[in-house]
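Enquirer: Pasting a structure here, questions to come.
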Amino acid sequence: MMPAPRETPIVSHLGAVDPDRFEPAATVHVIDDDPSMRRAISALLRSAGVASCTYESCAEFLRADRPDGLACLMLDVRLPGMSGLDFQAQLAAQGIDLPVVMITGHGDVPMSVQAMKAGAVDFLTKPFRDQDLLDAVNAAIDRHRTWRLTHARTSDLLSRYASLSTREKQVMELVTTGRLNKQAAFDLGLSEITVKLYRASAMKKMKARTLADFVRMAERLQVGAED
């Protein structure tokens, strides 16, 4: 009996796998309705020391308990029930900040452009090389690391800002938008020395060492932006 002909490989095994490039805590979530593709990607990631979780559909991914930590999403463009592109848009609308690597066997230029405009890190067409997939995953994890760091810093900044009194917030808004102490005092109906005290207290609570630091913090928080 003749052996069945081999299909075109979905992952082309070219290029060395470097496990040191990835962090053990990182997780790659793979959504693809093709079991052989899920197995191949999972095996490749495992060889690089990267944990992965695989899902047959977007619905299964949403139902799952996902580990907290560095992660990215590998998403097939063509999925039953909801396309990868539509799911990418849904994640963004729900505020789920997971960098996406799109994979497809039917890629075309308009589709890849749409995915990249929506924030995808990369767009890979099957069959793709091991190294191309690993490079895309590495870039996606790097992006998630940056997002998490930025979010942590912003949360800390918001926490410090919330600790300010109403007067301290008013003084912060005025002095970080260019008002002199005496002008801020006039605007608030206070003495200049009182404004200086509020300013010093606010800078201490915000951990701003200089006025320039104070201004940058106000810009990040968009203090006074509603005006």
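Naming scheme: A, B, ... for chains in displayed order of the structure tokens; residues 1 onward per chain; ligands 1 onward as shown.
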Do a neighbour search on Leu98 (chain A) at 8 Å with only C-alpha atoms, toss out local chain neighbours closer than 2 positions, and write the hits as a PyMOL selection string.

Expert: chain A and resi 71-73+96+100+144

Enquirer: Given the selection you just returned, output its residues as a file containing N, CA, C and O atoms, formatted as a CSV table (one decimal), in the first residue's frame.

Expert:
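Output file result27.csv follows:
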```csv
chain,number,residue,atom,x,y,z
A,71,ALA,N,2.2,38.1,27.3
A,71,ALA,CA,1.5,37.3,26.4
A,71,ALA,C,1.3,37.9,25.1
A,71,ALA,O,1.5,39.1,24.9
A,72,CYS,N,0.9,37.1,24.1
A,72,CYS,CA,0.5,37.6,22.8
A,72,CYS,C,-0.5,36.6,22.2
A,72,CYS,O,-0.7,35.5,22.7
A,73,LEU,N,-1.1,37.0,21.1
A,73,LEU,CA,-2.2,36.2,20.5
A,73,LEU,C,-1.8,35.9,19.1
A,73,LEU,O,-1.5,36.8,18.3
A,96,ILE,N,-9.0,44.7,25.6
A,96,ILE,CA,-8.1,43.6,25.9
A,96,ILE,C,-6.8,43.8,25.1
A,96,ILE,O,-6.7,43.7,23.9
A,100,VAL,N,-1.3,41.1,18.6
A,100,VAL,CA,-1.8,40.1,17.8
A,100,VAL,C,-0.8,39.8,16.6
A,100,VAL,O,-0.3,40.7,16.0
A,144,HIS,N,4.0,43.8,24.3
A,144,HIS,CA,3.1,43.6,25.5
A,144,HIS,C,3.9,44.1,26.8
A,144,HIS,O,3.3,44.7,27.7
```

Enquirer: Write down as a PDB file with C-alpha atoms, in the first residue's frame the residues belonging to region 14-157 of chain A that are assigned helix (DSSP H, G or I) by DSSP computed on the backbone.

Expert:
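After the write, selection06.pdb holds the following:
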```pdb
ATOM      1  CA  PRO A  19      15.414  29.674  23.584  1.00  0.00           C
ATOM      2  CA  ASP A  20      17.322  32.484  25.338  1.00  0.00           C
ATOM      3  CA  ARG A  21      15.397  35.120  23.391  1.00  0.00           C
ATOM      4  CA  PRO A  35      -5.582  20.940  14.939  1.00  0.00           C
ATOM      5  CA  SER A  36      -2.377  20.201  13.003  1.00  0.00           C
ATOM      6  CA  MET A  37      -1.524  23.893  12.918  1.00  0.00           C
ATOM      7  CA  ARG A  38      -2.137  24.249  16.644  1.00  0.00           C
ATOM      8  CA  ARG A  39       0.103  21.260  17.362  1.00  0.00           C
ATOM      9  CA  ALA A  40       2.875  22.483  15.056  1.00  0.00           C
ATOM     10  CA  ILE A  41       2.954  25.995  16.516  1.00  0.00           C
ATOM     11  CA  SER A  42       2.764  24.688  20.086  1.00  0.00           C
ATOM     12  CA  ALA A  43       5.688  22.301  19.443  1.00  0.00           C
ATOM     13  CA  LEU A  44       7.780  25.055  17.897  1.00  0.00           C
ATOM     14  CA  LEU A  45       7.136  27.418  20.789  1.00  0.00           C
ATOM     15  CA  ARG A  46       7.902  24.677  23.294  1.00  0.00           C
ATOM     16  CA  SER A  47      11.258  24.109  21.599  1.00  0.00           C
ATOM     17  CA  CYS A  58     -12.495  32.743  19.544  1.00  0.00           C
ATOM     18  CA  ALA A  59     -15.345  31.732  21.844  1.00  0.00           C
ATOM     19  CA  GLU A  60     -13.168  29.085  23.503  1.00  0.00           C
ATOM     20  CA  PHE A  61     -10.438  31.674  24.056  1.00  0.00           C
ATOM     21  CA  LEU A  62     -12.880  34.095  25.706  1.00  0.00           C
ATOM     22  CA  ARG A  63     -14.227  31.356  28.013  1.00  0.00           C
ATOM     23  CA  GLY A  84      -9.762  36.818  12.965  1.00  0.00           C
ATOM     24  CA  LEU A  85     -10.008  40.399  11.738  1.00  0.00           C
ATOM     25  CA  ASP A  86     -13.418  40.853  13.373  1.00  0.00           C
ATOM     26  CA  PHE A  87     -12.137  39.295  16.604  1.00  0.00           C
ATOM     27  CA  GLN A  88      -9.123  41.599  16.555  1.00  0.00           C
ATOM     28  CA  ALA A  89     -11.513  44.557  16.409  1.00  0.00           C
ATOM     29  CA  GLN A  90     -13.644  43.085  19.230  1.00  0.00           C
ATOM     30  CA  LEU A  91     -10.622  42.696  21.496  1.00  0.00           C
ATOM     31  CA  ALA A  92      -9.650  46.318  20.904  1.00  0.00           C
ATOM     32  CA  ALA A  93     -13.218  47.465  21.640  1.00  0.00           C
ATOM     33  CA  VAL A 109      -2.457  42.622   0.464  1.00  0.00           C
ATOM     34  CA  PRO A 110      -5.752  44.310   1.487  1.00  0.00           C
ATOM     35  CA  MET A 111      -6.247  41.792   4.301  1.00  0.00           C
ATOM     36  CA  SER A 112      -2.724  42.256   5.651  1.00  0.00           C
ATOM     37  CA  VAL A 113      -3.036  46.042   5.436  1.00  0.00           C
ATOM     38  CA  GLN A 114      -6.320  45.914   7.381  1.00  0.00           C
ATOM     39  CA  ALA A 115      -4.760  43.728  10.071  1.00  0.00           C
ATOM     40  CA  MET A 116      -1.699  45.937  10.432  1.00  0.00           C
ATOM     41  CA  LYS A 117      -3.771  49.121  10.563  1.00  0.00           C
ATOM     42  CA  ASP A 130      10.143  28.844  12.115  1.00  0.00           C
ATOM     43  CA  GLN A 131      12.283  31.938  12.488  1.00  0.00           C
ATOM     44  CA  ASP A 132       9.655  34.237  11.003  1.00  0.00           C
ATOM     45  CA  LEU A 133       7.109  32.988  13.531  1.00  0.00           C
ATOM     46  CA  LEU A 134       9.547  33.264  16.444  1.00  0.00           C
ATOM     47  CA  ASP A 135      10.592  36.761  15.376  1.00  0.00           C
ATOM     48  CA  ALA A 136       6.938  37.820  15.224  1.00  0.00           C
ATOM     49  CA  VAL A 137       6.233  36.320  18.661  1.00  0.00           C
ATOM     50  CA  ASN A 138       9.295  38.009  20.139  1.00  0.00           C
ATOM     51  CA  ALA A 139       8.190  41.379  18.742  1.00  0.00           C
ATOM     52  CA  ALA A 140       4.659  40.856  20.080  1.00  0.00           C
ATOM     53  CA  ILE A 141       5.895  39.948  23.567  1.00  0.00           C
ATOM     54  CA  ASP A 142       8.185  42.984  23.552  1.00  0.00           C
ATOM     55  CA  ARG A 143       5.194  45.145  22.681  1.00  0.00           C
ATOM     56  CA  HIS A 144       3.132  43.633  25.492  1.00  0.00           C
ATOM     57  CA  ARG A 145       5.987  44.237  27.938  1.00  0.00           C
ATOM     58  CA  THR A 146       6.003  47.911  26.921  1.00  0.00           C
ATOM     59  CA  TRP A 147       2.211  48.150  27.259  1.00  0.00           C
ATOM     60  CA  ARG A 148       2.260  46.603  30.734  1.00  0.00           C
ATOM     61  CA  LEU A 149       5.078  48.848  31.909  1.00  0.00           C
ATOM     62  CA  THR A 150       3.303  51.947  30.601  1.00  0.00           C
ATOM     63  CA  HIS A 151       0.040  50.843  32.230  1.00  0.00           C
ATOM     64  CA  ALA A 152       1.770  50.200  35.561  1.00  0.00           C
ATOM     65  CA  ARG A 153       3.425  53.610  35.498  1.00  0.00           C
ATOM     66  CA  THR A 154       0.178  55.332  34.581  1.00  0.00           C
ATOM     67  CA  SER A 155      -1.717  53.501  37.336  1.00  0.00           C
ATOM     68  CA  ASP A 156       0.895  54.570  39.870  1.00  0.00           C
ATOM     69  CA  LEU A 157       0.702  58.147  38.632  1.00  0.00           C
TER      70      LEU A 157
END
```

Enquirer: Report, in Å to a single decimal, how far apart CA of Thr166 (chain A) and CA of Phe186 (chain A) are.

Expert: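 Computing the Euclidean distance for CA of Phe186 (chain A) and CA of Thr166 (chain A) yields 16.8 Å.
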
Enquirer: Pick the closest to Leu75 (chain A) from A:Met102, A:Asp97, A:Thr54, A:Gly49: which is it, counting only C-alpha atoms?

Expert: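 Among A:Met102, A:Asp97, A:Thr54, A:Gly49, it is A:Met102 that comes nearest to Leu75 (chain A).
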
Enquirer: How many Å separate CA of Leu197 (chain A) from CA of Arg216 (chain A)?

Expert: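 Separation between CA of Leu197 (chain A) and CA of Arg216 (chain A): 20.3 Å.
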
Enquirer: From the set A:Thr176, A:Ser163, A:Thr194, A:Ser201, which residue has the shortest atom-to-atom contact distance to Arg220 (chain A), counting only C-alpha atoms?

Expert: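 Selected residue with least distance to Arg220 (chain A): A:Thr176.
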
Enquirer: By how many Å are CA of Phe214 (chain A) and CA of Val195 (chain A) apart?

Expert: 15.1 Å
